[in-house]
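Inspection log for the structure reproduced underneath, given as structure tokens.
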Amino acid sequence: MLIFLSRRLVSSVIALVGVVVVVFFLGRLTGSPAHLYLPQGASQEMADNFNRTHGFNDPLWQQFIRFVGDVAHLDFGTSIWQQRPALTAVTSVFPQTLLLAVVAMTLSIAVAAVLGCLAAARRFGPVDKLITFGSLACASIPDFWFALVGVLFLAVHLGVVPTSGQSDLSSWILPVATLMLAPVGVLTQVVRGAMIEALGSGYVQSARARGLAHRRLVYRHALRNAALPIISVAGDRAAGLVNGAVIVGTVFAWPGIGTVMVDAVLNRDFAVIQAGVFVIGLGIVLLNVLVDLTYAVADPRVRVS
Amino acid sequence: SPGGDAQAGRTGGSAQTLTIAIPTDPTSLDPCDSQAADGVGTLRRNVTESLTDVDPGTGKVVPLLALSWRQENPTTWTFKLRPGVKFQDGTAFDAKAAAFNIKRTMQPDLGCLNLGNIPDPFTATAVDTTTLRVVTKGPDPILPLRIGWVDMVSPKTSMTAKTSHPVGTGPYTFVRRTPGTDMRFKRFDGYWGSKPQAREVRYVFRSEASVRAATAKTGEADIAVPIALQDATEDERTRSYTQSRVFFLRLDTDKPPLNDLRVRQAIGYAIDKKNIVTALMGRTGKPTDQMVAPTVNGYVTGYKGPAHDPAKAKALIGQAKSAGVDTGRRIELISRNTLFPGSSDVLQAIIQNLKDVGLDIKLTELDDNAYKDKIHATNSSGQPVSMMAVSHDNAFADASFSFPKYLSSSGTVSTIRDARLDSLLRQADVAAGGKRAQLYQRAARWAYERNGAIVPIAEQFSLLLLSKGVDYKPNGLTGIELPAAQVKLGR
Amino acid sequence: MSPLRDRSQPAPGSDRVVDAAASGTAPLLAVRDLAVDFATDRGRVSAVRGVSFTLQAGQSLAILGESGSGKSVTGKALLGLIDPPGRVRGAIEFEGENIVGWDEARLNTVRGPGVSMVFQDSFDSLNPVYSVGSQVTELLRVRQGLDRRVARERAVALMRQVGIPAAEERLKDYPHQFSGGMRQRMCIALAIALRPRLLIADEPTTALDVTVQAGILRLVRQLQRETRMALIFVTHDLAVARLVASEVAVMYAGRIVERGGIDDIYRRPAHPYTRALLASQPDTARSWSDLRPIAGSPPDKAGIVPGCAFHPRCPIATDRCTTEEPDLRALSADRLSRCHHAEEVLDAAH
Amino acid sequence: MNMAQELVAGATTAPPVDPGRRGSGRRRRTRLLLRSPLPLTAAIVLVAIMLVSLIAPAFIADAAQRQDLTQRLSPPFQLSDGFAFVLGGDTLGRPMLLQLVVATKTSLLIAALSVGLSALVGSAIGLISGYTGGWVDALIMRLSDIIHTLPSLLLALVILYVLSPSITNLIVVLALTRLPIYMRVARAQALEIRERVFVEASKALGSRPWRIMLRDIRPMVAPTVLTVAMLEVANVILQAAGLSFLGVGLQRPDVDLGIMVASGREYLSEAWFVTFFPGLLVVVIALAANILSNWLRAVDDPGQSALFVSRKSLRDEEVSR
Amino acid sequence: MPRTEHDTRPEGAADGAAPPLLRVENLHRHFVTGPPRNRKVLRAVDGVTFDVRAGECLAVVGESGSGKSTLARALMRLVEPTGGSVYYKGCDLLALSGREMREERRNIQMVFQDPYASLHPRRTVGDVVREAWRVHKDVVPKAQQEDRVAALLRQVGLPEAYASLYPSRLSGGERQRVAIARALALRPELLVLDEPVSALDVSIQAQVVHVLMKLHAELGLAYIFISHDLNLVRLVADRVAVMYMGRVVETGTAEELYGHPAHPYTQALLSASPGRATAVDLDDVLPGAVAGEASGPAGTVGCPYRTRCPKARDICATERPELGTGAHPSACHFPAG
Ligand SMILES: Nc1ncnc2c1ncn2[C@@H]1O[C@H](COP(=O)(O)OP(=O)(O)OP(=O)(O)O)[C@@H](O)[C@H]1O
Ligand SMILES: Nc1ncnc2c1ncn2[C@@H]1O[C@H](COP(=O)(O)OP(=O)(O)OP(=O)(O)O)[C@@H](O)[C@H]1O
Ligand SMILES: [Mg+2]
Ligand SMILES: [Mg+2]
């Protein structure tokens with residue numbers, strides 16, 4: 001298990017380095033951002049100067065070698081825009097995104113677990129239909145649209161939550177709800193399916209044949225098995241939360257990696273883009289390790305082999 | 001709680017925090033980049049000040065950190081500085097500090113954006129603690145105006161690197177910026193002038209226009225600036241101000257069909273400015289025939305450009321076509337996403353007009369970087385023929401901040417190669433007062449009538465929204481400076 | 001009777017039944033007209049179509065029949081394990097009480113100490129995420145209120161009883177670490193943990209090797225002898241049935257088509273289907289050409305064949321068989337057959 | 001009786017009468033669909049939307065792009081300006097209804113093409129990877145990891161800044177970001193199916209690897225990929241809309257639903273319908289696609305099978321027998 | 001001897017005068033299993049030697065996991081053997097290139113245990129059979145394929161109309177007959193039958209056995225018939241090889257082996273087989289059977305059966321008994337009889 005994990009970790013980090021390399025070259029394809037950072041009347045001399053200080057004039061391979069050398073020391077360079085180390089620029093906001101993601105994901109799993117179990121228990125009944133339809137609807141709503149309409153109604157018309165920004169607890173409502181939309185929709189269905197399958201499985205049947213109480217069947221025997229698909233889908237969805245974070249960042253001005261990355265792309269802040277990709281990727285790699293570990297805890301077949 | 005600040009405006013509490021919602025993080029916090037404020041001033045007049053200021057009412061240059069100035073000879077000026085001024089870090093502001101700042105700003109390595117307004121760098125030396133001598137390369141009649149673009153930072157600031165923690169002489173001290181979130185200033189007790197009302201200033205970044213407006217509507221922010229037309233309220237909480245900003249099209253002149261004067265003129269006739277601007281820009285726009293606002297000395301009073309006349313446009317294009325010009329060639333109309341709120345709609349409407357007279361136009365909206373690359377590519381033969389949508393402001397009201405860039409052969413963003421224009425502009429540049437205005441106006445008239453590479457569309461006005469109980473009178477400078485001291489918070 | 005039964009909520013009047021069962025006057029189990037059907041997206045599937053039989057305490061009955069004849073469904077119905085969209089009709093009287101229609105809570109008083117079942121697929125019957133030991137102790141602790149230590153000891157004893165070597169060390173193992181035969185033994189251990197009065201063993205040896213099978217068959221028989229437990233042994237292998245059961249019920253298309261003493265039927269079948277089944281068993285044949293395959297295909301549960309369900313494959317079918325459905329008739333005191341021509345078949349067997 | 005004769009005689013009794021299995025899987029599905037109200041509605045809605053958006057633009061493309069500033073933001077549900085304006089006018093006075101039709105066509109086209117592209121390429125790669133195994137597999141999976149590691153939106157954002165926005169680029173980018181899904185699905189399936197006995201049987205016949213991949217494994221992988229693709233249609237529509245919202249999707253005059261939502265968003269409080277209708281249409285299309293794909297999965301999985309089948313309809317059939 | 005009236009095998013084929021059709025010599029297939037740190041070598045097939053003569057039916061019996069399927073797959077090169085050789089008509093199959101082996105596959109075909117899994121679910125019965133001719137293009141010309149499919153189906157006792165059906169519509173026995181038809185399509189001389197009937201109901205099992213034995217007799221096909229059902233093997237096999245833990249522990253003609261089992265394992269198997277056993281002797285069957293699986297000692301030293309063997313002595317732990325030669329060899333230090 002440990003060997004498996006460490007092997008996965010190594011190959012993931014290799015993949016991650018690959019990603020950063022790809023992003024490096026993608027970034028250079030967009031050309032030098034000299035005009036963005038220089039005055040409108042800037043002379044060619046100033047532009048050359050700018051490119052020289054930032055190393056954009058060197059042949060690509062030289063830039064690349066320098067880049068690789070720096071990254072080996074976890075130095076992603078300095079943000080042209082924020083004038084501070086790119087890694088700091090990213091890591092200073094990452095906790096915000098992480099917090100938001102953890103809150104949204106925890107709530108999503110909780111809500112999905114409740115709804116999914118309910119639907120599975122009332123299989124084919126009106127409650128099941130309602131929940132299934134509702135979860136499909138959740139997964140079909142564009143998050144940005146939901147966010148905008150949410151601001152319009154909850155913040156502007158009703159004034160119950162602030163429009164944006166991060167202040168008291170009420171300011172969390174809309175961003176978290178926006179982020180939860182897709183995971184709740186998908187996870188509810190996964191929970192439902194997994195629970196139905198687990199409840200119909202042979203071991204639950206045979207436990208029933210021994211006269212174990214229904215609650216015990218559901219919560220001890222079925223849920224732990226149903227947890228396996230839930231864990232893997234939840235892991236996948238958690239990684240996808242970064243997408244939502246970009247939207248939440250722009251609409252609610254929620255400080256976080258999403259906003260920073262979009263701004264970095266807009267501002268051609270290569271160092272921050274690369275650092276951001278690295279940090280996000282690393283986060284996702286660690287998330288995958290976490291998922292694997294959780295999986296192993298839940299499933300002895302994984303743990304023991 | 002950290003939320004207390006945001007709630008302050010809403011509750012009218014005693015925290016006396018002024019919250020201003022602006023679209024984005026300033027790209028740079030170095031005061032020598034303050035002209036990039038992009039429609040919203042933050043640092044200027046709050047954290048930093050310059051030697052001179054402009055009276056937004058009269059357009060006159062007025063004293064600020066300099067008490068008076070004198071032109072010794074065509075290229076030498078002396079400034080008498082205000083005594084007893086201290087930087088926020090305790091350093092005294094004196095002539096040395098001023099000279100330091102001028103040197104710092106002029107240094108090409110630093111790449112200060114404010115240099116865009118200072119085409120010919122000048123030098124300065126401290127004569128004594130309060131006397132500063134400035135020497136220009138050539139005669140510059142508007143130096144006192146230009147020197148206003150040198151924002152004074154503490155001499156402890158690095159000479160070679162831009163700072164992200166500006167220290168100035170203004171009424172507020174820069175506290176911190178959280179990228180993507182907010183920026184905070186607090187009152188500077190050692191300020192030389194009168195003490196402003198708000199103890200703290202907080203800028204929050206809200207890129208979504210409707211959300212930004214909503215912050216002022218709900219009281220989360222005291223001021224939202226700028227706001228879009230459709231978010232404006234009917235009452236007097238919505239204030240409009242001009243930045244002497246004009247929206248025009250800059251046409252290529254080196255490639256067919258735009259290298260033909262008739263086609264360029266036809267474009268002027270084809271666009272139904274009046275209709276488009278009224279319908280789509282409302283109170284944020286006014287059709288104009290000139291590339292500068294009436295406040296600018298290059299504005300030709302009474303000048304009328306070509307009226308909307310599609311038939312004439314068609315005829316002109318027809319003539320060009322029969323003269324062998326490839327009028328069917330596709331022209332790219334290049335703009336940027338953030339040109340102004342609703343710019344995309346306006347451009348689409350313009351394209352509709354141009355299509356109606358038989359031109360093939362395609363809209364391309366670029367991000368800032370690509371846009372700036374394009375606007376600097378003034379005669380790149382490899383590029384497809386294009387016209388650029390430009391929104392240009394001239395807060396200091398001198399045509400020299402506009403015309404040389406756009407009209408002269410050496411202008412960094414000019415597509416015009418016209419010897420007559422060049423000589424007019426050269427003369428105007430060194431002239432002063434009425435003669436200067438007259439020369440600029442002649443150049444402008446020539447450009448509009450004989451060249452047609454600039455197609456003015458609308459004079460632009462900006463809107464800001466005040467929260468209930470907040471008072472602030474915006475002016476022509478609001479776009480680059482919004483002095484917190486001028487804002488009255490309720491109760 | 002087991003004192004365990006007192007722990008569970010007794011059904012009203014259960015004392016009388018217990019007394020009656022103990023005195024041997026009433027059967028332990030009486031099934032009457034049991035019918036099970038399933039609503040599926042392909043329409044209604046009648047898996048069991050009117051099965052009746054009785055079973056005394058200590059008796060062992062083999063249910064024999066080809067795949068899909070409704071053996072497992074019958075077994076599950078006896079435990080109240082048929083869920084919607086399945087539907088159970090008829091009566092299942094266990095110790096005098098009809099358990100059809102009981103809710104789960106009430107059924108749970110019968111399941112375990114009353115009726116217990118070993119399922120067909122042993123891999124699927126053990127929860128993969130809990131160690132086998134914890135599954136046994138859970139049962140003992142929950143149903144018998146034993147404390148952790150005692151439950152553990154009992155679990156080890158049970159595992160020894162079903163022949164799992166080094167039981168103590170294997171408590172902590174997970175089902176996937178066990179071989180097929182061992183898993184099947186664990187299933188048996190779980191099924192007998194509460195000392196059921198009736199054990200239903202659903203093809204417990206089908207997937208196993210002959211040597212392993214022999215061990216399990218021996219185990220089942222031994223258990224039955226020791227505890228006077230009644231046994232229903234579901235299989236499709238007549239030879240296996242002979243080893244554990246004294247009586248056999250042959251099922252075809254959801255009905256019992258023949259019932260009687262096993263050796264008797266083995267010698268003299270009274271239903272053409274039983275006869276055909278015997279003729280296709282390799283153990284009785286002398287050469288492969290002695291094997292007589294049953295012509296045609298198994299019946300379809302969704303379509304009801306008029307008349308005798310076996311007639312499309314029956315070599316002696318007459319017109320009557322295609323129209324009139326035969327009843328399960330008594331041919332002698334201990335022999336029932338559902339065939340219009342039962343006597344002919346019986347006679348021909350000589 | 002001759003044994004062989006008996007055998008043949010036995011076997012020639014007609015194949016089992018199984019009303020449920022009569023006809024192919026497709027016919028069974030159709031029959032089931034007709035009995036399930038919700039998926040049926042979804043299918044009808046989807047087909048209707050598809051038909052309208054495929055046929056109508058040929059006639060209304062010009063009218064849809066026609067600006068009429070007098071109709072700017074004219075409110076919906078008024079017939080005085082003609083049926084085209086029944087859903088109001090947009091920010092340039094173009095008829096919302098016609099714009100929606102044209103936009104839907106683009107959105108569906110983008111979704112269909114990018115889903116098709118990624119499904120085709122992704123499953124082909126996954127299939128080869130899964131069947132071949134070894135270092136080829138390892139390499140391909142790391143590649144998939146690379147794409148998968150980056151959040152798709154961010155990846156698309158970065159790429160679309162390099163390429164210029166256009167329909168083709170959007171399709172390619174969307175396809176690229178969704179590629180790993182198909183690679184994984186196809187690979188997992190191929191891994192499983194290559195162990196199946198019929199693959200071994202094919203090897204025993206002497207089939208070459210490519211033949212096994214193409215003829216034995218592909219048909220088994222295809223339905224799963226198809227179901228995933230169906231599910232992805234909704235996702236891709238949402239994602240394309242998201243990219244347009246962030247301003248890197250399409251550019252006018254090309255119009256898809258995302259652009260409509262995005263360009264109307266500034267008028268949300270003043271003219272809700274400019275954002276609301278295209279947003280709603282996205283929801284409707286995505287929901288219909290989601291319901292259908294969900295139902296498709298349910299049909300093939302007996303454990304879940306009656307998901308959208310009403311129990312009443314089952315009982316009805318029972319009675320009619 | 002369980003010979004049938006259909007047996008038309010040429011006289012003298014069994015007495016070893018002609019070279020064998022197939023000769024398997026010291027065949028090994030080892031699997032490396034377990035986690036990287038704790039690799040184990042699993043000797044699934046561990047030095048198996050036997051002959052199959054033309055037209056002969058050789059049965060391989062043994063309990064689950066004894067390596068029967070691996071043996072079948074290894075000699076067909078569906079898994080690559082780790083050692084030994086397989087001579088088909090004197091030509092070593094293991095030395096052939098991939099292309100040559102594909103050609104050689106025409107002569108040796110296989111029928112698998114699970115008829116539900118061995119047919120492609122999305123291919124009609126006709127296509128299943130024709131697939132062979134798509135791979136080997138020269139066997140049956142296109143024009144004749146239709147007729148040939150019909151003939152093959154008839155041969156296995158299925159109506160021609162089945163050609164257009166999908167396997168999902170067929171019963172297990174019918175499917176297995178389709179699988180046999182597919183195996184016959186290339187006109188092989190040897191069929192490897194890996195538990196061809198053990199997944200089927202007894203009633204249906206008989207159908208398939210009939211078809212197989214009829215073909216065996218009529219076409220003179222040689223069979224390697226793998227099974228764990230000793231009752232069935234008794235009916236069909238000419239000779240029997242008993243496998244235990246990857247090794248053949250006893251071979252002989254069916255008559256000899258059933259009449260006078262020499263190896264203790266063979267004896268245990270026979271006594272555990274329910275057809276012969278009665279309710280009484282079940283109790284004293286195979287003491288090792290309680291322990292269940294073939295969990296014999298690993299390694300190459302000693303007799304693998306010694307832990308379950310009632311006759312085991314010291315020598316069994318130190319010396320590995322070899323399968324001798326002759327008509328009825330057994331790998332035991334103390335063979336019975
Ligand atoms: N939950 C269910 N839904 C629908 N049909 C079912 C269900 N359970 C069983 N059936 C059907 O009932 C019939 C009898 O099934 P059962 O499992 O009792 O057969 P069996 O005799 O045990 O066969 P086998 O020997 O293969 O185990 C079968 O046709 C089966 O398809
Ligand atoms: N690909 C493989 N990798 C690792 N071990 C394998 C593999 N294939 C087979 N084995 C092992 O080889 C041994 C022999 O397996 P094989 O399938 O040949 O037995 P068998 O006699 O056919 O059993 P059964 O009667 O259950 O089919 C078993 O222990 C099995 O687990
Ligand atoms: Mg069964
Ligand atoms: Mg096998």
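Labels for the structure tokens follow display order: chains A, B, ..., residues from 1 in each chain, ligands from 1.
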
10 Å shell around ligand 1 using only C-alpha atoms and all ligand atoms, listed as JSON, numbers by chain: {"A": [200], "C": [36, 37, 38, 39, 40, 41, 42, 43, 44, 45, 46, 47, 48, 63, 64, 65, 66, 67, 68, 69, 70, 71, 72, 73, 74, 75, 76, 77, 82, 83, 84, 85, 86, 87, 119, 120, 121, 202, 203, 206, 234, 235, 236, 237, 251, 252, 253, 254, 298, 299, 300, 301, 302], "D": [302, 303], "E": [200, 201]}

Select from region 133-187 of chain C everything DSSP, run on the backbone, classes as helix (DSSP H, G or I), then give the selection as a compact mmCIF listing (two decimals) with N, CA and C atoms, in the first residue's frame.
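Writing the result to states-v6.txt gives the following:
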# COMPACT_ATOMS: atom_id res chain seq x y z
N GLY C 133 -14.11 -12.11 11.35
CA GLY C 133 -14.33 -12.20 12.78
C GLY C 133 -15.33 -11.17 13.26
N SER C 134 -15.16 -9.95 12.80
CA SER C 134 -16.06 -8.90 13.29
C SER C 134 -17.48 -9.14 12.82
N GLN C 135 -17.63 -9.81 11.68
CA GLN C 135 -18.99 -10.08 11.22
C GLN C 135 -19.67 -11.12 12.10
N VAL C 136 -18.89 -12.08 12.55
CA VAL C 136 -19.48 -13.09 13.42
C VAL C 136 -19.76 -12.49 14.80
N THR C 137 -18.78 -11.77 15.33
CA THR C 137 -18.99 -11.23 16.69
C THR C 137 -20.10 -10.19 16.69
N GLU C 138 -20.20 -9.42 15.63
CA GLU C 138 -21.29 -8.44 15.56
C GLU C 138 -22.62 -9.14 15.75
N LEU C 139 -22.77 -10.22 15.02
CA LEU C 139 -24.03 -10.96 15.08
C LEU C 139 -24.30 -11.45 16.51
N LEU C 140 -23.28 -12.02 17.11
CA LEU C 140 -23.46 -12.57 18.44
C LEU C 140 -23.73 -11.48 19.46
N ARG C 141 -23.08 -10.37 19.28
CA ARG C 141 -23.26 -9.29 20.26
C ARG C 141 -24.60 -8.62 20.09
N VAL C 142 -25.00 -8.42 18.85
CA VAL C 142 -26.25 -7.73 18.62
C VAL C 142 -27.45 -8.62 18.93
N ARG C 143 -27.37 -9.87 18.47
CA ARG C 143 -28.55 -10.72 18.61
C ARG C 143 -28.58 -11.47 19.95
N GLN C 144 -27.43 -11.73 20.50
CA GLN C 144 -27.43 -12.50 21.74
C GLN C 144 -26.95 -11.69 22.93
N ARG C 148 -17.97 -8.54 24.33
CA ARG C 148 -16.97 -8.65 23.30
C ARG C 148 -16.12 -9.92 23.41
N ARG C 149 -15.72 -10.20 24.63
CA ARG C 149 -14.79 -11.31 24.82
C ARG C 149 -15.48 -12.65 24.58
N VAL C 150 -16.66 -12.77 25.18
CA VAL C 150 -17.40 -14.01 25.02
C VAL C 150 -17.75 -14.24 23.55
N ALA C 151 -18.16 -13.14 22.90
CA ALA C 151 -18.53 -13.24 21.49
C ALA C 151 -17.34 -13.74 20.68
N ARG C 152 -16.17 -13.24 21.05
CA ARG C 152 -14.98 -13.63 20.33
C ARG C 152 -14.70 -15.13 20.51
N GLU C 153 -14.86 -15.56 21.73
CA GLU C 153 -14.62 -16.98 21.98
C GLU C 153 -15.61 -17.84 21.21
N ARG C 154 -16.86 -17.40 21.25
CA ARG C 154 -17.89 -18.15 20.53
C ARG C 154 -17.56 -18.16 19.03
N ALA C 155 -17.09 -17.01 18.53
CA ALA C 155 -16.79 -16.92 17.11
C ALA C 155 -15.69 -17.91 16.74
N VAL C 156 -14.68 -17.97 17.59
CA VAL C 156 -13.59 -18.90 17.30
C VAL C 156 -14.13 -20.33 17.32
N ALA C 157 -14.96 -20.60 18.30
CA ALA C 157 -15.52 -21.94 18.40
C ALA C 157 -16.32 -22.28 17.14
N LEU C 158 -17.12 -21.31 16.70
CA LEU C 158 -17.93 -21.53 15.50
C LEU C 158 -17.05 -21.81 14.29
N MET C 159 -15.98 -21.01 14.17
CA MET C 159 -15.12 -21.18 13.01
C MET C 159 -14.43 -22.53 13.07
N ARG C 160 -14.08 -22.98 14.28
CA ARG C 160 -13.51 -24.31 14.40
C ARG C 160 -14.52 -25.35 13.97
N GLN C 161 -15.76 -25.08 14.42
CA GLN C 161 -16.82 -26.05 14.16
C GLN C 161 -17.02 -26.27 12.66
N ALA C 167 -8.28 -20.84 13.49
CA ALA C 167 -9.41 -19.89 13.51
C ALA C 167 -9.04 -18.59 14.21
N GLU C 168 -8.30 -18.72 15.28
CA GLU C 168 -8.01 -17.51 16.06
C GLU C 168 -7.26 -16.47 15.23
N GLU C 169 -6.27 -16.99 14.47
CA GLU C 169 -5.50 -16.04 13.66
C GLU C 169 -6.29 -15.48 12.50
N ARG C 170 -7.26 -16.25 12.05
CA ARG C 170 -7.97 -15.80 10.85
C ARG C 170 -9.14 -14.88 11.16
N PRO C 175 -12.73 -11.16 3.98
CA PRO C 175 -13.26 -12.21 3.09
C PRO C 175 -12.38 -12.46 1.86
N HIS C 176 -11.81 -11.38 1.29
CA HIS C 176 -11.07 -11.61 0.05
C HIS C 176 -9.79 -12.39 0.30
N GLN C 177 -9.40 -12.53 1.56
CA GLN C 177 -8.20 -13.30 1.85
C GLN C 177 -8.52 -14.78 2.04
N GLY C 180 -12.50 -19.88 -1.74
CA GLY C 180 -13.93 -20.10 -1.94
C GLY C 180 -14.53 -21.03 -0.91
N GLY C 181 -13.86 -22.12 -0.65
CA GLY C 181 -14.39 -23.08 0.30
C GLY C 181 -14.46 -22.50 1.71
N MET C 182 -13.44 -21.76 2.07
CA MET C 182 -13.40 -21.14 3.40
C MET C 182 -14.50 -20.11 3.55
N ARG C 183 -14.71 -19.35 2.48
CA ARG C 183 -15.78 -18.36 2.55
C ARG C 183 -17.13 -19.04 2.75
N GLN C 184 -17.31 -20.13 2.01
CA GLN C 184 -18.57 -20.84 2.15
C GLN C 184 -18.72 -21.34 3.59
N ARG C 185 -17.62 -21.79 4.17
CA ARG C 185 -17.67 -22.24 5.56
C ARG C 185 -18.02 -21.08 6.49
N MET C 186 -17.45 -19.91 6.20
CA MET C 186 -17.78 -18.73 7.04
C MET C 186 -19.26 -18.41 6.94
N CYS C 187 -19.80 -18.53 5.73
CA CYS C 187 -21.23 -18.27 5.56
C CYS C 187 -22.04 -19.23 6.40

Within 12 Å of ligand 4, counting only C-alpha atoms and all ligand atoms, residues as a ChimeraX atom specification: /C:207,209 /D:197 /E:44,60-73,111-114,193-199,225-228,243,246

Polymer residues at most 10 Å from Gly84 (chain B), only C-alpha atoms, same-chain spacing of 2 or more positions, as a count of residues only: 9

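Closest to chain D among B:Ala447, B:Ile227, B:Val246, B:Val47 is B:Ile227, based on only C-alpha atoms.
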